[in-house]
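> Contents of entry_14.csv (CSV, C-alpha atoms) are below:
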chain,number,residue,atom,x,y,z
A,1,MET,CA,28.9,-6.9,12.6
A,2,ALA,CA,26.9,-9.5,10.7
A,3,ASP,CA,26.2,-11.4,14.0
A,4,PHE,CA,25.1,-8.2,15.6
A,5,LEU,CA,22.6,-7.5,12.8
A,6,GLN,CA,21.3,-11.0,13.0
A,7,LEU,CA,20.7,-10.7,16.7
A,8,LEU,CA,19.1,-7.3,16.2
A,9,ILE,CA,16.6,-8.6,13.7
A,10,ALA,CA,15.8,-11.6,15.9
A,11,GLY,CA,15.4,-9.3,18.9
A,12,LEU,CA,13.0,-7.0,16.9
A,13,ALA,CA,10.9,-10.0,15.9
A,14,THR,CA,10.6,-11.1,19.6
A,15,GLY,CA,10.1,-7.4,20.6
A,16,GLY,CA,7.3,-7.1,18.1
A,17,ILE,CA,5.4,-9.9,19.9
A,18,TYR,CA,6.1,-8.2,23.3
A,19,ALA,CA,4.8,-4.9,21.9
A,20,LEU,CA,1.5,-6.4,20.7
A,21,VAL,CA,0.8,-7.8,24.2
A,22,ALA,CA,2.0,-4.6,25.9
A,23,ILE,CA,-0.3,-2.5,23.8
A,24,GLY,CA,-3.2,-4.5,25.2
A,25,PHE,CA,-2.2,-3.6,28.7
A,26,THR,CA,-2.0,0.0,27.8
A,27,LEU,CA,-5.3,0.2,25.9
A,28,LEU,CA,-7.3,-1.5,28.7
A,29,TRP,CA,-5.7,0.8,31.4
A,30,GLN,CA,-6.3,3.9,29.4
A,31,THR,CA,-10.0,3.3,28.7
A,32,SER,CA,-11.2,1.3,31.7
A,33,GLN,CA,-8.5,1.4,34.4
A,34,THR,CA,-8.2,-2.3,34.0
A,35,ILE,CA,-4.9,-4.1,34.7
A,36,ASN,CA,-5.3,-7.6,33.2
A,37,PHE,CA,-2.8,-10.0,34.9
A,38,ALA,CA,-4.2,-12.8,32.7
A,39,GLN,CA,-2.8,-11.1,29.6
A,40,GLY,CA,-0.2,-13.7,29.1
A,41,GLU,CA,-2.8,-16.5,29.3
A,42,PHE,CA,-4.8,-14.4,26.8
A,43,VAL,CA,-1.9,-15.0,24.4
A,44,MET,CA,-1.6,-18.7,25.3
A,45,LEU,CA,-5.2,-19.6,24.7
A,46,PRO,CA,-5.9,-18.6,21.1
A,47,ALA,CA,-3.3,-21.1,19.9
A,48,PHE,CA,-5.4,-23.9,21.4
A,49,PHE,CA,-8.5,-22.5,19.8
A,50,MET,CA,-6.7,-22.7,16.4
A,51,LEU,CA,-5.3,-26.2,17.1
A,52,GLY,CA,-8.8,-27.3,18.2
A,53,ALA,CA,-10.4,-26.0,15.0
A,54,MET,CA,-7.8,-27.9,12.9
A,55,SER,CA,-7.9,-31.2,14.8
A,56,VAL,CA,-11.6,-31.3,15.8
A,57,LEU,CA,-13.3,-29.5,12.9
A,58,GLY,CA,-10.8,-30.4,10.2
A,59,VAL,CA,-10.4,-26.8,9.2
A,60,PRO,CA,-7.3,-25.8,7.2
A,61,PHE,CA,-4.7,-23.6,9.0
A,62,TRP,CA,-5.8,-20.2,7.7
A,63,GLY,CA,-9.4,-21.0,8.4
A,64,ALA,CA,-8.4,-22.0,11.9
A,65,VAL,CA,-6.7,-18.7,12.3
A,66,VAL,CA,-9.9,-16.8,11.4
A,67,ILE,CA,-11.9,-19.0,13.8
A,68,GLY,CA,-9.3,-18.6,16.6
A,69,ILE,CA,-9.4,-14.8,16.3
A,70,ALA,CA,-13.2,-14.7,16.2
A,71,VAL,CA,-13.5,-17.0,19.3
A,72,SER,CA,-10.9,-15.0,21.1
A,73,ALA,CA,-12.8,-11.8,20.4
A,74,ILE,CA,-15.9,-13.3,21.9
A,75,VAL,CA,-14.3,-15.1,24.9
A,76,LEU,CA,-11.4,-12.9,25.7
A,77,GLY,CA,-13.1,-9.6,24.7
A,78,VAL,CA,-16.9,-9.6,25.2
A,79,LEU,CA,-17.3,-12.3,27.9
A,80,PHE,CA,-14.2,-11.1,29.8
A,81,LYS,CA,-15.6,-7.6,30.0
A,82,ARG,CA,-19.2,-8.6,30.7
A,83,LEU,CA,-18.6,-11.4,33.2
A,84,LEU,CA,-15.5,-10.3,35.0
A,85,VAL,CA,-14.4,-6.7,34.5
A,86,ASP,CA,-17.8,-4.9,34.7
A,87,PRO,CA,-18.9,-6.6,38.0
A,88,MET,CA,-15.4,-6.5,39.7
A,89,LEU,CA,-14.5,-2.9,38.6
A,90,GLN,CA,-17.3,-1.6,40.8
A,91,HIS,CA,-15.3,-2.8,43.8
A,92,GLY,CA,-12.1,-1.1,42.7
A,93,VAL,CA,-8.9,-1.8,40.8
A,94,LEU,CA,-7.3,-4.1,43.4
A,95,PRO,CA,-10.2,-6.7,43.5
A,96,LEU,CA,-10.2,-6.7,39.7
A,97,ALA,CA,-6.4,-7.3,39.6
A,98,ILE,CA,-6.8,-10.2,42.0
A,99,ALA,CA,-9.7,-11.6,39.9
A,100,THR,CA,-7.6,-11.5,36.7
A,101,MET,CA,-4.8,-13.4,38.6
A,102,ALA,CA,-7.3,-16.1,39.5
A,103,LEU,CA,-8.5,-16.1,35.9
A,104,ALA,CA,-4.9,-16.7,34.7
A,105,LEU,CA,-4.6,-19.7,37.0
A,106,PHE,CA,-8.0,-21.1,35.8
A,107,MET,CA,-7.2,-20.7,32.1
A,108,LYS,CA,-3.7,-22.4,32.5
A,109,GLU,CA,-5.1,-25.3,34.5
A,110,ALA,CA,-8.1,-25.7,32.2
A,111,VAL,CA,-5.9,-26.0,29.1
A,112,LYS,CA,-3.6,-28.5,30.9
A,113,ASP,CA,-6.5,-30.7,32.1
A,114,PHE,CA,-8.8,-30.5,29.1
A,115,TYR,CA,-6.4,-30.2,26.1
A,116,SER,CA,-2.9,-31.4,27.0
A,117,ALA,CA,-0.1,-30.9,29.4
A,118,GLU,CA,2.4,-31.6,26.6
A,119,ALA,CA,3.7,-28.9,24.2
A,120,GLN,CA,2.0,-29.0,20.9
A,121,THR,CA,3.7,-28.2,17.5
A,122,PHE,CA,2.2,-25.2,15.8
A,123,PRO,CA,2.3,-24.3,12.0
A,124,THR,CA,4.7,-21.5,11.1
A,125,LEU,CA,3.7,-18.6,8.9
A,126,LEU,CA,6.8,-19.0,6.8
A,127,PRO,CA,9.3,-21.9,6.6
A,128,ASP,CA,12.2,-21.8,9.1
A,129,THR,CA,14.9,-21.5,6.5
A,130,LEU,CA,17.9,-19.2,6.5
A,131,ILE,CA,18.4,-16.5,3.9
A,132,THR,CA,21.6,-14.6,3.5
A,133,VAL,CA,21.6,-10.9,2.6
A,134,ALA,CA,24.9,-8.9,2.5
A,135,GLY,CA,26.5,-11.6,4.7
A,136,VAL,CA,23.8,-11.5,7.3
A,137,SER,CA,21.9,-14.8,7.8
A,138,VAL,CA,18.3,-14.4,8.9
A,139,SER,CA,15.6,-16.9,9.4
A,140,LEU,CA,12.7,-16.4,7.0
A,141,ALA,CA,10.3,-17.3,9.9
A,142,GLN,CA,11.7,-14.5,12.0
A,143,LEU,CA,11.3,-12.0,9.1
A,144,GLY,CA,7.7,-13.2,8.8
A,145,VAL,CA,7.0,-12.7,12.5
A,146,LEU,CA,8.6,-9.2,12.4
A,147,ALA,CA,6.7,-8.2,9.3
A,148,VAL,CA,3.3,-9.4,10.6
A,149,ALA,CA,3.9,-7.7,14.0
A,150,MET,CA,4.9,-4.4,12.4
A,151,VAL,CA,2.0,-4.4,10.0
A,152,THR,CA,-0.4,-5.1,12.8
A,153,ILE,CA,1.0,-2.2,14.9
A,154,VAL,CA,1.0,0.2,11.9
A,155,LEU,CA,-2.6,-0.7,11.1
A,156,LEU,CA,-3.6,-0.2,14.8
A,157,GLN,CA,-1.9,3.2,14.9
A,158,TRP,CA,-3.7,4.2,11.7
A,159,PHE,CA,-7.0,3.1,13.1
A,160,LEU,CA,-6.5,5.0,16.3
A,161,ALA,CA,-5.3,8.2,14.6
A,162,GLY,CA,-7.0,8.1,11.2
A,163,THR,CA,-10.5,6.9,11.8
A,164,ARG,CA,-13.5,8.5,13.6
A,165,THR,CA,-13.9,5.5,15.8
A,166,GLY,CA,-10.2,5.5,16.7
A,167,ARG,CA,-10.3,9.2,17.7
A,168,GLN,CA,-13.4,8.5,19.8
A,169,MET,CA,-11.6,5.7,21.5
A,170,GLN,CA,-8.7,8.1,22.2
A,171,ALA,CA,-11.1,10.7,23.6
A,172,THR,CA,-12.6,8.1,25.8
A,173,ALA,CA,-9.1,7.2,27.1
A,174,GLN,CA,-8.2,10.8,27.8
A,175,ASN,CA,-11.4,11.9,29.5
A,176,PRO,CA,-14.5,9.7,29.5
A,177,THR,CA,-16.6,12.3,31.2
A,178,VAL,CA,-16.0,15.0,28.6
A,179,ALA,CA,-16.2,12.5,25.8
A,180,ARG,CA,-19.7,11.4,27.0
A,181,ILE,CA,-20.8,15.1,27.1
A,182,LEU,CA,-19.6,15.5,23.5
A,183,GLY,CA,-21.7,12.6,22.4
A,184,VAL,CA,-19.1,9.8,22.2
A,185,PRO,CA,-20.6,6.4,23.0
A,186,VAL,CA,-18.1,5.7,25.8
A,187,GLU,CA,-19.3,2.2,26.7
A,188,ARG,CA,-19.2,1.1,23.1
A,189,MET,CA,-15.6,2.5,22.7
A,190,ILE,CA,-14.5,0.6,25.9
A,191,LEU,CA,-16.0,-2.6,24.4
A,192,TYR,CA,-14.1,-2.0,21.2
A,193,THR,CA,-10.9,-1.7,23.3
A,194,PHE,CA,-11.5,-5.1,24.8
A,195,LEU,CA,-12.1,-6.6,21.3
A,196,ILE,CA,-8.9,-5.0,20.0
A,197,ASN,CA,-7.0,-6.4,23.0
A,198,ALA,CA,-8.4,-9.9,22.3
A,199,ALA,CA,-7.4,-9.6,18.6
A,200,LEU,CA,-3.9,-8.4,19.5
A,201,ALA,CA,-3.5,-11.4,21.9
A,202,ALA,CA,-4.6,-13.8,19.2
A,203,MET,CA,-2.1,-12.3,16.7
A,204,ALA,CA,0.7,-12.6,19.3
A,205,SER,CA,-0.4,-16.2,19.9
A,206,LEU,CA,-0.2,-16.9,16.2
A,207,LEU,CA,3.4,-15.5,16.1
A,208,VAL,CA,4.8,-16.8,19.3
A,209,SER,CA,3.4,-20.4,19.2
A,210,PRO,CA,5.6,-21.7,16.3
A,211,MET,CA,8.7,-20.4,18.1
A,212,TYR,CA,8.0,-21.8,21.6
A,213,LEU,CA,5.3,-24.4,20.8
A,214,ALA,CA,1.8,-24.2,22.1
A,215,LYS,CA,1.8,-25.1,25.8
A,216,PHE,CA,-0.3,-24.2,28.8
A,217,SER,CA,2.7,-22.4,30.5
A,218,ASN,CA,3.5,-20.0,27.6
A,219,GLY,CA,1.7,-17.1,29.2
A,220,GLU,CA,3.7,-16.9,32.4
A,221,THR,CA,6.9,-15.3,31.1
A,222,LEU,CA,5.3,-13.6,28.2
A,223,GLY,CA,2.7,-11.8,30.3
A,224,LEU,CA,5.3,-10.6,32.8
A,225,VAL,CA,7.7,-9.3,30.1
A,226,ALA,CA,4.9,-7.5,28.3
A,227,PHE,CA,3.8,-5.9,31.5
A,228,VAL,CA,7.3,-4.7,32.2
A,229,ALA,CA,7.5,-3.4,28.6
A,230,ALA,CA,4.3,-1.4,29.0
A,231,ILE,CA,5.7,0.2,32.2
A,232,VAL,CA,9.2,0.8,30.7
A,233,GLY,CA,7.7,2.5,27.6
A,234,GLY,CA,5.0,4.4,29.5
A,235,PHE,CA,1.8,2.7,30.7
A,236,ASN,CA,-0.4,5.5,29.4
A,237,GLN,CA,1.0,5.7,25.9
A,238,VAL,CA,0.5,3.1,23.0
A,239,ARG,CA,3.8,4.3,21.4
A,240,GLY,CA,5.5,3.7,24.8
A,241,ALA,CA,4.3,0.1,24.8
A,242,ILE,CA,5.6,-0.4,21.3
A,243,ALA,CA,9.0,1.1,22.2
A,244,GLY,CA,9.2,-0.8,25.5
A,245,GLY,CA,8.4,-4.1,23.7
A,246,LEU,CA,11.0,-3.6,21.0
A,247,LEU,CA,13.7,-2.4,23.4
A,248,ILE,CA,13.3,-5.4,25.7
A,249,GLY,CA,13.3,-7.8,22.8
A,250,VAL,CA,16.5,-6.4,21.4
A,251,LEU,CA,18.3,-6.2,24.8
A,252,ASP,CA,17.2,-9.7,25.7
A,253,ASN,CA,18.7,-11.2,22.6
A,254,LEU,CA,21.9,-9.1,22.9
A,255,ALA,CA,22.3,-10.0,26.6
A,256,ALA,CA,21.9,-13.7,25.8
A,257,ALA,CA,24.6,-13.6,23.1
A,258,TYR,CA,27.2,-11.2,24.7
A,259,VAL,CA,26.6,-11.7,28.4
A,260,SER,CA,25.0,-15.0,29.4
A,261,THR,CA,21.8,-16.9,28.7
A,262,ALA,CA,21.5,-17.4,32.5
A,263,TYR,CA,20.9,-13.7,33.0
A,264,ARG,CA,18.7,-12.9,30.1
A,265,GLN,CA,15.5,-13.1,32.2
A,266,ALA,CA,16.9,-10.5,34.5
A,267,ILE,CA,17.3,-7.9,31.8
A,268,PRO,CA,13.6,-6.8,31.8
A,269,LEU,CA,13.6,-6.5,35.6
A,270,ILE,CA,16.9,-4.5,35.7
A,271,LEU,CA,15.4,-2.2,33.0
A,272,LEU,CA,12.2,-1.9,35.0
A,273,VAL,CA,14.1,-0.9,38.2
A,274,LEU,CA,16.1,1.7,36.3
A,275,VAL,CA,13.1,3.3,34.7
A,276,ILE,CA,11.2,3.4,38.0
A,277,LEU,CA,14.1,5.1,39.7
A,278,PHE,CA,15.0,7.7,37.0
A,279,ARG,CA,11.8,8.1,34.9
A,280,PRO,CA,8.7,6.7,36.7
A,281,GLN,CA,6.3,7.7,33.9
A,282,GLY,CA,8.2,5.5,31.4
A,283,LEU,CA,10.5,6.4,28.5
A,284,LEU,CA,7.7,7.9,26.4
A,285,GLY,CA,5.0,8.2,29.0
A,286,ARG,CA,3.5,11.4,30.5
A,287,ARG,CA,3.0,12.3,34.1
A,288,GLU,CA,-0.5,11.9,35.5
A,289,GLU,CA,-1.7,14.1,38.3
A,290,ARG,CA,-4.5,12.8,40.4
A,291,ALA,CA,-6.5,14.6,43.0
A,292,VAL,CA,-6.5,13.0,46.4
For this file, write the structure as C-alpha cells.


Amino acid sequence: MADFLQLLIAGLATGGIYALVAIGFTLLWQTSQTINFAQGEFVMLPAFFMLGAMSVLGVPFWGAVVIGIAVSAIVLGVLFKRLLVDPMLQHGVLPLAIATMALALFMKEAVKDFYSAEAQTFPTLLPDTLITVAGVSVSLAQLGVLAVAMVTIVLLQWFLAGTRTGRQMQATAQNPTVARILGVPVERMILYTFLINAALAAMASLLVSPMYLAKFSNGETLGLVAFVAAIVGGFNQVRGAIAGGLLIGVLDNLAAAYVSTAYRQAIPLILLVLVILFRPQGLLGRREERAV
C-alpha cells in the first residue's frame, strides 16, 4: 500500500505538469480555434530563457524565473499570436496547424544550434530529499512540483470563474459573436488567452526541467502527451484538460511499476483510442454541434 501511495503522489506530480500544458491547448482552441502543435516546444524554451538569464546576465534563480516568464509572455504569447496565428488563421485551421508544426521544428533546432545540444542541469524548487510520512516515502521535490502545479491550476480556475475578465474570456470562448454584441472586447480576451498559455508553459517548464534536465528535445513527448490529455479529458473543457492530465500521469506511473517501463509510452495512446471509441467528446467534455 505504501508503494502504491508513493507511485500515486509521483503520478499526480507528473500529471499536474501535463495538466498545465493541456489547459493551454484547451484555452487556445476555445477562444481562437487554434491547435498549437508547438506546445511542447513552448514548454521546452522558457527553461533556456531562465538559464540564459542566469548565465549571461548573472541573475539569481528567482529573478531568472521572473525574466523567463516575462520573455515567454512576449515571445510565446504576443509575438506568436501577432506574427503566426493571426495571419495563418485567415487561411483556415489546417494551414495554421502545419505552421505550428514548422515552428516546433524551428524552435527545437534553434535551441540545439544556438544554445547547446547537451542536456543542461536546472535548479530544483525544493531539494530532492525523501521524507517519510506514515510509512510512505515521498520526494520533497515531487511534493513541491505537485503543490506548485495545483496552486497554479486553482488560481487559474479562480481567475476564470471569479473575475470579470475571466468571465469575459469564458463568454468569448462560448460565443464570440454574442460576446462582441454585449460589449466584450473579444480581441483583447483572445490576447489574454495567449498570454495565459505562455505563462502556463513557462510554469510547466520550471517544474519539468529539474526532473528531465533542460534539453532541446523535451517538448516532443511532453507536447504529445498533453495533447492526448486534452482530448481524453475533453478538448472544450478546462476541467477536462486537468482531469486528463492527472489521469495520464497516474496511469503512466502505475503502468511503469506494475506492468513494464517498455509499455508506459503506450498508455496515453491506448487511453486515447478507448476514449475516441466510447466517448468521443472526452471524459468531461460536451458535444459540439456544427452546421455544415

> Counting all atoms listed in the file, which residue out of A:Phe42, A:Phe227, A:Phe49, A:Phe4 sits closest to A:Ala19?

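Closest candidate: A:Phe227.
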
> Which residue gives the smallest distance to A:Asn253 among A:Gln265, A:Leu126, A:Thr132, A:Ile196, with all atoms listed in the file counted?

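The shortest atom-to-atom distance to A:Asn253 comes from A:Gln265.
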
> Under the rule that all atoms listed in the file are counted, which of A:Leu146, A:Val273, A:Leu284, A:Ile190 is the nearest residue to A:Gln168?

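Comparing A:Leu146, A:Val273, A:Leu284, A:Ile190 against A:Gln168, the winner is A:Ile190.
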
> Report, in Å with one decimal, the straight-line distance from atom CA of A:Ala226 to atom CA of A:Ile242.

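The value is 10.0 Å.
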
> Which residue out of A:Leu247, A:Leu155, A:Leu182, A:Ala199 has the minimum interatomic distance to A:Ala70 when only C-alpha atoms are used?

A:Ala199

> When you count all atoms listed in the file, which of these residues is closest to A:Tyr212: A:Pro123, A:Leu76, A:Pro87, A:Thr31?

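Closest to A:Tyr212 of all the choices is A:Pro123.
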
> I want to know what sits within 8 Å of A:Thr100, based on all atoms listed in the file, with residues of the same chain fewer than 3 positions away left out; could you give that as a list in words?

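Here the qualifying residues turn out to be Asn36, Phe37, Ala38, Leu96, Ala97, Leu103 and Ala104 of chain A.
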
> Just the residues within 12 Å of A:Ser137, please, counting all atoms listed in the file, with nothing from its chain fewer than 3 positions along; format it as a PyMOL selection string.

chain A and resi 1-10+129-134+140+142-143

> Show which residues sit within 10 Å of A:Leu27, as a VMD selection string. Count only C-alpha atoms, and ignore same-chain residues fewer than 2 positions away.

chain A and resid 22 to 25 29 to 35 169 to 170 173 190 193 to 194 196 to 197 235 to 238 241

> Just C-alpha atoms for this one: save the residues we selected as a PDB file, in the coordinates of the input.


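That gives us selection-v3.pdb:
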ATOM      1  CA  ALA A  22       2.000  -4.600  25.900  1.00  0.00           C
ATOM      2  CA  ILE A  23      -0.300  -2.500  23.800  1.00  0.00           C
ATOM      3  CA  GLY A  24      -3.200  -4.500  25.200  1.00  0.00           C
ATOM      4  CA  PHE A  25      -2.200  -3.600  28.700  1.00  0.00           C
ATOM      5  CA  TRP A  29      -5.700   0.800  31.400  1.00  0.00           C
ATOM      6  CA  GLN A  30      -6.300   3.900  29.400  1.00  0.00           C
ATOM      7  CA  THR A  31     -10.000   3.300  28.700  1.00  0.00           C
ATOM      8  CA  SER A  32     -11.200   1.300  31.700  1.00  0.00           C
ATOM      9  CA  GLN A  33      -8.500   1.400  34.400  1.00  0.00           C
ATOM     10  CA  THR A  34      -8.200  -2.300  34.000  1.00  0.00           C
ATOM     11  CA  ILE A  35      -4.900  -4.100  34.700  1.00  0.00           C
ATOM     12  CA  MET A 169     -11.600   5.700  21.500  1.00  0.00           C
ATOM     13  CA  GLN A 170      -8.700   8.100  22.200  1.00  0.00           C
ATOM     14  CA  ALA A 173      -9.100   7.200  27.100  1.00  0.00           C
ATOM     15  CA  ILE A 190     -14.500   0.600  25.900  1.00  0.00           C
ATOM     16  CA  THR A 193     -10.900  -1.700  23.300  1.00  0.00           C
ATOM     17  CA  PHE A 194     -11.500  -5.100  24.800  1.00  0.00           C
ATOM     18  CA  ILE A 196      -8.900  -5.000  20.000  1.00  0.00           C
ATOM     19  CA  ASN A 197      -7.000  -6.400  23.000  1.00  0.00           C
ATOM     20  CA  PHE A 235       1.800   2.700  30.700  1.00  0.00           C
ATOM     21  CA  ASN A 236      -0.400   5.500  29.400  1.00  0.00           C
ATOM     22  CA  GLN A 237       1.000   5.700  25.900  1.00  0.00           C
ATOM     23  CA  VAL A 238       0.500   3.100  23.000  1.00  0.00           C
ATOM     24  CA  ALA A 241       4.300   0.100  24.800  1.00  0.00           C
TER      25      ALA A 241
END

> Given the choices A:Val151, A:Arg239, A:Glu220, A:Gly234, which gets closest to A:Arg286 if the distance is worked out from only C-alpha atoms?

A:Gly234

> As an exercise, work out the distance from atom CA of A:Asn175 to atom CA of A:Val75 in Å and give it to one decimal place.

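Separating atom CA of A:Asn175 from atom CA of A:Val75 is a distance of 27.5 Å.
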
> Could you give me, as a list of chain:residue names, the residues that have an atom at most 9 Å away from the point (-2.0, -25.7, 17.9) in the coordinates of the file, using only C-alpha atoms?

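Neighbouring residues, ordered by chain and number, come to A:Pro46, A:Ala47, A:Phe48, A:Phe49, A:Met50, A:Leu51, A:Gly52, A:Ala53, A:Met54, A:Ser55, A:Gln120, A:Thr121, A:Phe122, A:Pro123, A:Ser209, A:Pro210, A:Leu213, A:Ala214, A:Lys215.
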
> Is there a way to get, as a list in words, all residues within 9 Å of the point (-16.6, 8.5, 23.6) in file coordinates, counting all atoms listed in the file?

Thr165, Arg167, Gln168, Met169, Gln170, Ala171, Thr172, Ala173, Asn175, Pro176, Thr177, Val178, Ala179, Arg180, Ile181, Leu182, Gly183, Val184, Pro185, Val186, Glu187, Arg188, Met189 and Ile190 of chain A

> Rounded to one decimal in Å, what is the spacing between atom CA of A:Arg82 and atom CA of A:Ala99?

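Atom CA of A:Ala99 lies at a distance of 13.6 Å from atom CA of A:Arg82.
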
> Which neighbours of A:Leu274 fall inside 12 Å, counting only C-alpha atoms, when residues of the same chain fewer than 5 positions from it are skipped, and could you give them as a PyMOL selection string?

chain A and resi 228+231-232+267-269+279-283

> Would you tabulate, counting only C-alpha atoms, all residues of stretch 151-255 of chain A that have an atom at most 9 Å from an atom of stretch 106-111 of chain A, showing the closest pair of atoms and their distance in Å to one decimal, sorted by chain then ascending number, as JSON lines?


{"residue": "A:Lys215", "atom": "CA", "partner": "A:Val111", "partner_atom": "CA", "distance": 8.4}
{"residue": "A:Phe216", "atom": "CA", "partner": "A:Lys108", "partner_atom": "CA", "distance": 5.3}
{"residue": "A:Ser217", "atom": "CA", "partner": "A:Lys108", "partner_atom": "CA", "distance": 6.7}
{"residue": "A:Gly219", "atom": "CA", "partner": "A:Lys108", "partner_atom": "CA", "distance": 8.3}

> Need the shell around A:Val78: protein/DNA/RNA residues with any atom at most 10 Å away, counting all atoms listed in the file. Skip same-chain ones fewer than 3 positions apart. Format as a PDB file with C-alpha atoms, keeping the file's coordinate frame?


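Ended up saving to selection06.pdb:
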ATOM      1  CA  SER A  72     -10.900 -15.000  21.100  1.00  0.00           C
ATOM      2  CA  ALA A  73     -12.800 -11.800  20.400  1.00  0.00           C
ATOM      3  CA  ILE A  74     -15.900 -13.300  21.900  1.00  0.00           C
ATOM      4  CA  VAL A  75     -14.300 -15.100  24.900  1.00  0.00           C
ATOM      5  CA  LYS A  81     -15.600  -7.600  30.000  1.00  0.00           C
ATOM      6  CA  ARG A  82     -19.200  -8.600  30.700  1.00  0.00           C
ATOM      7  CA  LEU A  83     -18.600 -11.400  33.200  1.00  0.00           C
ATOM      8  CA  LEU A  84     -15.500 -10.300  35.000  1.00  0.00           C
ATOM      9  CA  LEU A 191     -16.000  -2.600  24.400  1.00  0.00           C
ATOM     10  CA  TYR A 192     -14.100  -2.000  21.200  1.00  0.00           C
ATOM     11  CA  PHE A 194     -11.500  -5.100  24.800  1.00  0.00           C
ATOM     12  CA  LEU A 195     -12.100  -6.600  21.300  1.00  0.00           C
ATOM     13  CA  ALA A 198      -8.400  -9.900  22.300  1.00  0.00           C
TER      14      ALA A 198
END
